[in-house]
Amino acid sequence: MRVLVIGAGEVGFYIAGRLSEEGKDVVVIDRNEKALQRVAETLDVMTILGNGGSARVLEQAGIRQATMLIAVTQSDESNVIACMLAKKFGVAKTVARVRGDDFGGRDNLLSNEELGIDLTINPERVAAREIIKLLKTPAATEVDYFADNKVEMLGFRVHDEAEIVGKKVRELPLSRECLIVAIARNGDVVIPGGDDVISAHDTIFVLGKTGSLAGVGWWVGQQEERIRSVAIVGGGRISFQVAAMLQDYARLGIHATLIEEDEARCHELAEALGNVLVIHGNGTDLGLLKQEGIGSMDAFIAATKNDEVNILAGVLGKHLGVKKSIVMVNRADYDPVVEALGIDAAIHPRLLTANTILKLVRKGNVVSTAILKEGKAEVIEFEALPQSPIVNRRLADVPFPRGTIVGAIVRGNRIIIPRGQDAILPGDRAIVFTLPDVVASVEKHFDAAR
Amino acid sequence: MNLQAVGNLLGRLLVIVGLSMLLPLLWALHYQGPDVKAFFLSIIITLGAGVCLCLGTKAGEIGHREGFVVAAFGWILAAAFGSLPFLLAGACPSLADAYFETMSGFTTTGATILTDIESMPRGILFWRSLTQWLGGMGIVVLFVAVFPKLGGGGYQLFRAEVPGLSADRLLPRITETAKALWALYFSLTLVLTVLLLLGGMDLYDALNHGLTTMATGGYSTRNASIRAFNSPYIEGVITLFILVAGTNFALLYYALRGNGWSLLRDTEFRFYGGMLLGATALVTLSNRLGAYGSLASSLRYSLFQVAAAMTGAGFTAADYDLWPAFSKGILLVLMFMGGCGGSTTGGIKQIRVLMCLKYAYRELYRLIHPRAVVPLRLGGRVVPEGTASGVMGFCIFYLALFVIGALTLTAFGLDMESSVGAAAAALGNVGPGAGMVGPTDNYGFLPSPAKLFLSLLMLLGRLEIFTVLVLLTREFHRAG
């Protein structure tokens, strides 16, 4: 399967790497030679220097054999053109990153269909949704939903003085409705057995029925409190999306304060967001933060363009006493630092965009996926078909590859946390935890073709 | 540096070398030669060493630094273990001789220390030809084709071995690219072997010459090389195929996939063709006046030797030591130039020569228009300044190594012409040089240190200098 990726920026780089690891033939096209060189030297993909919106370049990249085109350049227009051309060449699936609302929206004259785009990704919206999820579940550092929101997976960071530090997984007072499915420790992810011991600063991932996991926050040393007020630093597109969503979801009852440096942008924001308090000032100005009473707020979101400013602001917020500090970071290599500084959660807009796109590449009976810790582990939700080899067998008898567990089975409205003697029946949804290098062999168990 | 990963890859490389010795073993068994035992032992030793190295280490990430180390040491080790059959069968009198013969094989140089080739066991001669064939497309490239799970590291290895300016990917995956190149190489060898069979060679000779022609190596099964067959047909077929092997394989791949015009439109290929025609015309003329009675025979031998010198195939169809000095001079220049980038030839490569000429001309142009902005163009495309300076650096190193090489050989007692010829022939992976190491002589009389020194020159020439030299810099080791 050949996939063309237009744009060798962070998103393109990450997507190309993941797809290549999964065995796809990837060709990356970009106009920037330096960016391409980085791709060529680190990934097993072909690179082509040129404009992805040119039919000649696309042909050179072998678009006639391609089954998918992913356009993630900085320019909306280039992405749209590349997708339009791809459809003319007969490419089955096209994905475009589109930031503006001028293309392909519901109310637009030119629909996605006319533009030849199967999926548009708005990275700001994706990031904003992620932030909202975190605000809804304040104790967690990561939140994902499966099986039409019936099942949730939360990531919690274990605090020093938490009750469960030093205990084995089997000794934890877990109810039968939830399961620790993964532990992230020093940048690695392990799928734990009963004898693994929890230590401080681990991030544990717990899977269970939505709403049933509230108690977990208490064991890890994190108080569960509803978020009622939020300060947002930076008035960029993501901040705007977050503020707009908070305004729309009035039932959440979260009040937002937005701090932006540029006065003109402040006016724009204030005009567009009626219920949001917009303040003109610098988000790392301690005096201003104190003056606005940021310390007594529940959550603090730093989402300026600059990673370093965000991290600094996040630390300042924490210092002032904010309960939950969320920062936006574009460079994933800052992750360990962010954790060490006591910031509660980091949002990576580019990785989120990439992961959203990767879901589309998955096979037909994969319902959704989530990717933990920059792809060190993966959660896949499968729909079991009558022909799938896995159905009607005791899970203990299924030869899963190392480091793979079935976290939950959703049967109608019931959620089963399976033990070895349980079996998956046709029509069930199974939520499987696995490591990226064995994804393909896990997929085989659910494959309908066999 | 990830030494574990390097060791692991080197171990696997040795396994490939060991397995490839099974083919000459078959010939040895077929002819019931005295070399059967030698091959059995060599295979066991090589495979044993490879498997031990593999099991004793852990596979890991390969960066560009590891790529250099694996390529350079891979070749050094392959030649060391590849020399076992020569030693154990008693074909080569000393360690240095055996190592020289094998390195000359793997680097497709074709220089030999053997005086009486025809007296050698058949298995040994086949192994000699096979080393050239394996080295022609590259053992590391073969390795990349065979072991798929190298990830980004595969490209680092590939790049460290493939000659020329850019290691082009034919297909998105580097493994697939390596496979495509090897498949093309294999099929061309097969076609050539059949053509040679039709020319009256027996299967053994046809296969041996097929292997060494496609590799532009030049090992023959006969003392008198191609002269022994005295057949214009065979000379013609071999000339054609060494010229094909001297072409960029990426271009051949595209041409065979139906894009034939791309071959003729390629700047390097045109330059290569022009160089061939021009040199042949000059040498033919010079030989007609100074060596041969008829224009036809002058053309026949001149074309063959011009093609052989240019592509670094060490075949001889004529004793060019008897030719006029002008003809020999042209052959020496051609030895430096080599074939196209991405081919199995040695030398500086046509594309680099062309770029040097353009670069030099630009300096001249700038004297007239001091403020002119003149990008370097190659076939309509602008060459990045970084590439151009890389080419300059390569040429400087190449010439410096040639001078050092020739000088060192004079210290071993060779006369000027022989030293210059031997250094150029070793560095350019040509094979026979001039004078004392000319087309009818061999390298057997040289002292052992001189043989090892020439082996090093061959390796530097085959891996295009930088891959080997970078390992000797302090910076490389300091960087961790």
# chains A, B, ... in the order shown; residues from 1 in each chain; ligands from 1
>>> closest_atom_pairs(of="stretch 176-292 of chain A", to="stretch 144-148 of chain A", cutoff="12 Å", atoms="only C-alpha atoms", output="tab-separated table")
residue	atom	partner	partner_atom	distance
A:Phe205	CA	A:Asp144	CA	10.2
A:Val206	CA	A:Asp144	CA	10.4
A:Leu207	CA	A:Asp144	CA	9.4
A:Gly208	CA	A:Tyr145	CA	9.9
A:Lys209	CA	A:Phe146	CA	9.7
A:Thr210	CA	A:Tyr145	CA	8.0
A:Gly211	CA	A:Tyr145	CA	11.1
>>> write_last_selection(atoms="C-alpha atoms", output="compact mmCIF listing (two decimals), in the first residue's frame")
# COMPACT_ATOMS: atom_id res chain seq x y z
CA PHE A 205 -3.65 4.22 32.54
CA VAL A 206 -6.95 2.92 33.84
CA LEU A 207 -9.76 1.63 31.68
CA GLY A 208 -13.32 1.31 32.84
CA LYS A 209 -16.94 2.28 32.45
CA THR A 210 -17.29 6.01 31.89
CA GLY A 211 -17.84 7.78 35.19
>>> residues_around(residues="A:Val45", least_positions_apart="6", cutoff="10 Å", atoms="only C-alpha atoms", output="PyMOL selection string")
(chain A and resi 16-17+19-21+24-28+39) or (chain B and resi 151-152+155+169+171-174)
>>> write_last_selection(atoms="C-alpha atoms", output="compact mmCIF listing (two decimals), in the first residue's frame")
# COMPACT_ATOMS: atom_id res chain seq x y z
CA ALA A 16 5.35 9.10 7.61
CA GLY A 17 7.39 7.42 10.33
CA LEU A 19 3.07 4.43 8.49
CA SER A 20 6.47 3.22 7.37
CA GLU A 21 6.88 1.28 10.63
CA LYS A 24 3.24 0.95 4.24
CA ASP A 25 5.26 2.28 1.30
CA VAL A 26 5.54 5.97 2.02
CA VAL A 27 6.59 8.83 -0.25
CA VAL A 28 7.06 12.26 1.32
CA VAL A 39 13.02 12.68 6.73
CA GLY B 151 14.21 0.92 9.35
CA GLY B 152 15.93 4.24 8.74
CA TYR B 155 19.34 4.00 4.18
CA ARG B 169 15.64 5.35 -3.97
CA LEU B 171 11.02 2.49 -4.48
CA PRO B 172 9.72 3.92 -1.20
CA ARG B 173 11.34 1.24 0.93
CA ILE B 174 15.08 0.93 0.97
>>> residues_around(residues="A:Val309", least_positions_apart="4", cutoff="8 Å", atoms="only C-alpha atoms", output="ChimeraX atom specification")
/A:284,304,313
>>> write_last_selection(atoms="N, CA and C atoms", output="tab-separated table (two decimals), in the first residue's frame")
chain	number	residue	atom	x	y	z
A	284	THR	N	3.18	35.79	31.15
A	284	THR	CA	4.22	35.37	32.09
A	284	THR	C	4.55	36.52	33.06
A	304	THR	N	0.32	29.69	23.94
A	304	THR	CA	0.86	30.65	22.98
A	304	THR	C	1.60	29.88	21.90
A	313	ALA	N	4.99	29.72	31.65
A	313	ALA	CA	3.70	30.17	32.16
A	313	ALA	C	3.04	29.07	32.98
>>> atom_distance(atom1="atom CA of A:Phe446", atom2="atom CA of A:Gly375")
21.1 Å
>>> closest_residue(among="B:Gly56, B:Gly273, B:Pro384, B:Pro34", to="chain A", atoms="only C-alpha atoms")
B:Pro384
>>> residues_around(residues="A:Lys133", least_positions_apart="6", cutoff="10 Å", atoms="only C-alpha atoms", output="list in words")
Ala127, Ala140, Thr141, Glu142, Val143, Asp144 and Tyr145 of chain A
>>> residues_around(residues="B:Phe397", least_positions_apart="5", cutoff="12 Å", atoms="only C-alpha atoms", output="PyMOL selection string")
chain B and resi 348+390-392+402-405+427+457+460-461+464-466+468-470
>>> write_last_selection(atoms="C-alpha atoms", output="short mmCIF file (atom, residue, chain, number, x, y, z; two decimals), in the first residue's frame")
data_model
loop_
_atom_site.label_atom_id
_atom_site.label_comp_id
_atom_site.auth_asym_id
_atom_site.auth_seq_id
_atom_site.Cartn_x
_atom_site.Cartn_y
_atom_site.Cartn_z
CA ILE B 348 35.97 9.53 -9.70
CA GLY B 390 31.42 17.95 -1.59
CA VAL B 391 32.47 16.97 -5.09
CA MET B 392 35.50 19.27 -4.91
CA PHE B 402 46.69 8.84 -5.87
CA VAL B 403 49.83 10.92 -5.29
CA ILE B 404 50.48 9.31 -1.90
CA GLY B 405 49.81 5.89 -3.40
CA LEU B 427 42.22 3.42 -6.44
CA LEU B 457 43.63 1.84 -1.79
CA LEU B 460 39.12 3.52 -0.37
CA GLY B 461 38.28 3.61 -4.07
CA GLU B 464 34.45 6.36 -2.31
CA ILE B 465 37.01 7.46 0.25
CA PHE B 466 34.83 9.32 2.74
CA VAL B 468 36.63 4.91 5.21
CA LEU B 469 38.51 8.13 5.91
CA VAL B 470 35.84 9.50 8.21
#
>>> closest_residue(among="B:Ser419, B:Ser220, B:Ser448, B:Ser343", to="B:Ala434", atoms="only C-alpha atoms")
B:Ser419
